[in-house]
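Reading through the structure tokens given below for one structure.
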Amino acid sequence: MELVDRRAIMFRNVFAAGFLVRTAHTVLTWAVTLVLFLHETDLRKLEERGELLQPVVFVLLILCSVLLYFIVSLMDPGYIRSDSKVKLVAVSEEQEEMIPQVPKAMRLRRCGHCKLQQPMRAKHCESCRYCVRRYDHHCPWIENCVGERNHPFFISYLAVQLIVLFWGFHFAWSGFHSEPSMKEWLQHNCFLLLAFVIIAIFTVVVILLLVSHLYLVSCNTTTWEFMSRHRISYLKHCGAEENPFDQGIIRNLWTFFCVCQTINWEKIYFQEENNPV
């Protein structure tokens with residue numbers, strides 16, 4: 001039943017408001033690629049000489065990045081559709097304020113929007129209208145939340161996209177050639193220049209996103225927790241450098257990329273509370 005629900009969500013997402021965003025991403029990706037092949041870049045020269053290894057690998061990487069984009073964009077990020085089966089004590093938003101002072105009993109707050117019990121680190125997304133496990137942020141470029149289930153795919157997408165952008169930047173730069181006048185140069189290179197600017201902008205954005213997310217993952221924290229820890233009940237009583245979910249860089253990365261199951265963050269949180277360093 002859960003698998004059917006996830007497929008229904010994915011199908012609905014294809015034709016939801018994000019359809020234009022996903023279409024724009026796909027069209028822009030292949031338009032820039034086409035410009036790199038049509039102008040006198042190293043990519044085109046390799047193709048004309050019959051040296052197809054680099055062009056084929058480049059196109060395959062682009063296909064991989066587009067596939068990862070749609071996986072991240074369309075998959076269930078960790079929606080909470082029913083109350084947890086774990087027998088924990090549910091608390092209201094007002095009672096939630098007491099969590100740090102209560103003895104080590106595991107408690108769940110109840111969402112004021114969807115009225116479901118929220119596991120620790122979950123947050124309600126008003127755009128998606130669901131609570132999301134280990135909520136990181138809602139990304140307008142993928143028109144989906146980044147949460148527990150699709151966050152590793154999101155970082156993989158950024159990594160592959162960055163490789164494509166660096167390679168595309170090199171190919172675009174190789175296509176610029178001098179002309180007798182500025183007017184002739186612009187006429188000859190206007191589309192390549194536009195592609196170059198787009199690649200440069202996206203390269204900067206993706207570098208910043210990838211570096212920041214890898215840092216947060218290595219600390220086992222999320223964008224939401226990092227930006228709003230002073231308002232989050234289970235973090236605001238912690239010190240500025242204290243993170244109850246941090247288990248060390250190696251274990252944090254292993255848990256994030258290699259553990260393919262729902263994690264009981266309450267257990268980790270209260271275990272840390274019981275064993276302060």
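Each chain in the structure tokens gets a letter, A, B and so on, in the order shown; residues start at 1 in every chain, and ligands are counted from 1 in the order they appear.
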Test item, strand (DSSP E) assignment across stretch 24-265 of chain A, answer as a PyMOL selection string: chain A and resi 79-80+89-91+107-110+117-118+123-125+130-132+137-139+144-146
Contacts of A:Asp246 at 10 Å (only C-alpha atoms; same-chain gap of 4+ positions) as a PyMOL selection string: chain A and resi 217-221+242+251-252+268-269+272
Contacts of stretch 148-152 of chain A at 6 Å (only C-alpha atoms; same-chain gap of 2+ positions) as a ChimeraX atom specification: /A:72,77-78,133-134,146,154-155,257
Residues from the last selection, all heavy atoms, saved as a PDB file, in the first residue's frame:
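Dumped to part06.pdb:
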```
ATOM      1  N   VAL A  72      15.225  13.084  -7.628  1.00  0.00           N
ATOM      2  CA  VAL A  72      15.117  13.958  -6.451  1.00  0.00           C
ATOM      3  C   VAL A  72      13.815  14.754  -6.487  1.00  0.00           C
ATOM      4  O   VAL A  72      13.163  14.960  -5.464  1.00  0.00           O
ATOM      5  CB  VAL A  72      16.329  14.915  -6.383  1.00  0.00           C
ATOM      6  CG1 VAL A  72      16.157  15.918  -5.252  1.00  0.00           C
ATOM      7  CG2 VAL A  72      17.615  14.136  -6.190  1.00  0.00           C
ATOM      8  N   PRO A  77      10.087  12.535  -0.421  1.00  0.00           N
ATOM      9  CA  PRO A  77      11.261  12.906   0.370  1.00  0.00           C
ATOM     10  C   PRO A  77      11.230  12.386   1.804  1.00  0.00           C
ATOM     11  O   PRO A  77      12.185  12.575   2.561  1.00  0.00           O
ATOM     12  CB  PRO A  77      11.204  14.439   0.365  1.00  0.00           C
ATOM     13  CG  PRO A  77       9.757  14.753   0.249  1.00  0.00           C
ATOM     14  CD  PRO A  77       9.164  13.668  -0.623  1.00  0.00           C
ATOM     15  N   GLY A  78      10.122  11.739   2.160  1.00  0.00           N
ATOM     16  CA  GLY A  78       9.970  11.248   3.528  1.00  0.00           C
ATOM     17  C   GLY A  78       8.696  11.767   4.160  1.00  0.00           C
ATOM     18  O   GLY A  78       8.673  12.134   5.338  1.00  0.00           O
ATOM     19  N   ARG A 133      10.121  13.842   7.096  1.00  0.00           N
ATOM     20  CA  ARG A 133      11.135  13.312   8.006  1.00  0.00           C
ATOM     21  C   ARG A 133      12.504  13.927   7.712  1.00  0.00           C
ATOM     22  O   ARG A 133      12.879  14.085   6.572  1.00  0.00           O
ATOM     23  CB  ARG A 133      11.242  11.788   7.881  1.00  0.00           C
ATOM     24  CG  ARG A 133      10.011  11.035   8.372  1.00  0.00           C
ATOM     25  CD  ARG A 133      10.212   9.531   8.236  1.00  0.00           C
ATOM     26  NE  ARG A 133       9.037   8.797   8.674  1.00  0.00           N
ATOM     27  CZ  ARG A 133       8.789   8.469   9.935  1.00  0.00           C
ATOM     28  NH1 ARG A 133       9.660   8.811  10.877  1.00  0.00           N
ATOM     29  NH2 ARG A 133       7.694   7.822  10.259  1.00  0.00           N
ATOM     30  N   ARG A 134      13.214  14.243   8.766  1.00  0.00           N
ATOM     31  CA  ARG A 134      14.543  14.860   8.672  1.00  0.00           C
ATOM     32  C   ARG A 134      14.533  15.952   7.596  1.00  0.00           C
ATOM     33  O   ARG A 134      15.308  15.946   6.651  1.00  0.00           O
ATOM     34  CB  ARG A 134      15.630  13.829   8.371  1.00  0.00           C
ATOM     35  CG  ARG A 134      17.054  14.335   8.692  1.00  0.00           C
ATOM     36  CD  ARG A 134      18.123  13.329   8.274  1.00  0.00           C
ATOM     37  NE  ARG A 134      19.442  13.881   8.497  1.00  0.00           N
ATOM     38  CZ  ARG A 134      20.079  14.703   7.650  1.00  0.00           C
ATOM     39  NH1 ARG A 134      19.473  15.062   6.530  1.00  0.00           N
ATOM     40  NH2 ARG A 134      21.276  15.174   7.915  1.00  0.00           N
ATOM     41  N   VAL A 146      13.527  18.522   0.271  1.00  0.00           N
ATOM     42  CA  VAL A 146      14.701  17.672   0.448  1.00  0.00           C
ATOM     43  C   VAL A 146      14.614  17.144   1.875  1.00  0.00           C
ATOM     44  O   VAL A 146      14.634  17.919   2.840  1.00  0.00           O
ATOM     45  CB  VAL A 146      16.005  18.461   0.235  1.00  0.00           C
ATOM     46  CG1 VAL A 146      17.218  17.576   0.539  1.00  0.00           C
ATOM     47  CG2 VAL A 146      16.081  18.988  -1.185  1.00  0.00           C
ATOM     48  N   PHE A 154      19.986  14.071  -3.676  1.00  0.00           N
ATOM     49  CA  PHE A 154      20.166  15.496  -3.946  1.00  0.00           C
ATOM     50  C   PHE A 154      21.650  15.843  -3.992  1.00  0.00           C
ATOM     51  O   PHE A 154      22.109  16.560  -4.903  1.00  0.00           O
ATOM     52  CB  PHE A 154      19.451  16.307  -2.864  1.00  0.00           C
ATOM     53  CG  PHE A 154      19.556  17.797  -3.036  1.00  0.00           C
ATOM     54  CD1 PHE A 154      18.840  18.450  -4.030  1.00  0.00           C
ATOM     55  CD2 PHE A 154      20.362  18.554  -2.192  1.00  0.00           C
ATOM     56  CE1 PHE A 154      18.935  19.835  -4.189  1.00  0.00           C
ATOM     57  CE2 PHE A 154      20.459  19.926  -2.338  1.00  0.00           C
ATOM     58  CZ  PHE A 154      19.742  20.570  -3.342  1.00  0.00           C
ATOM     59  N   ILE A 155      22.421  15.334  -3.033  1.00  0.00           N
ATOM     60  CA  ILE A 155      23.858  15.612  -3.020  1.00  0.00           C
ATOM     61  C   ILE A 155      24.545  14.923  -4.193  1.00  0.00           C
ATOM     62  O   ILE A 155      25.465  15.490  -4.811  1.00  0.00           O
ATOM     63  CB  ILE A 155      24.466  15.180  -1.676  1.00  0.00           C
ATOM     64  CG1 ILE A 155      23.954  16.112  -0.569  1.00  0.00           C
ATOM     65  CG2 ILE A 155      25.991  15.175  -1.729  1.00  0.00           C
ATOM     66  CD1 ILE A 155      24.524  15.849   0.795  1.00  0.00           C
ATOM     67  N   PHE A 257      24.694   8.224   3.824  1.00  0.00           N
ATOM     68  CA  PHE A 257      24.765   7.671   2.472  1.00  0.00           C
ATOM     69  C   PHE A 257      24.479   6.165   2.400  1.00  0.00           C
ATOM     70  O   PHE A 257      24.084   5.669   1.339  1.00  0.00           O
ATOM     71  CB  PHE A 257      26.141   7.933   1.858  1.00  0.00           C
ATOM     72  CG  PHE A 257      26.375   9.368   1.462  1.00  0.00           C
ATOM     73  CD1 PHE A 257      27.215  10.180   2.204  1.00  0.00           C
ATOM     74  CD2 PHE A 257      25.740   9.910   0.353  1.00  0.00           C
ATOM     75  CE1 PHE A 257      27.428  11.501   1.843  1.00  0.00           C
ATOM     76  CE2 PHE A 257      25.942  11.235  -0.016  1.00  0.00           C
ATOM     77  CZ  PHE A 257      26.794  12.033   0.733  1.00  0.00           C
TER      78      PHE A 257
END
```
Contact residues around A:Gln118 with only C-alpha atoms at 8 Å, ignoring same-chain residues under 5 positions, as a PyMOL selection string: chain A and resi 80+83+108-111+123+131
Helix (DSSP H, G or I) call set, DSSP backbone run, stretch 17-244 of chain A, as a PyMOL selection string: chain A and resi 19-38+42-48+53-74+93-96+99-101+151-174+182-219+223-231
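When atom CA of A:His113 is paired with atom CA of A:Glu225, their separation reads 19.8 Å.
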Contact residues around A:Ser174 with only C-alpha atoms at 9 Å, ignoring same-chain residues under 5 positions, as a list of chain:residue names: A:Glu40, A:Thr41, A:Asp42, A:Leu43, A:Phe169
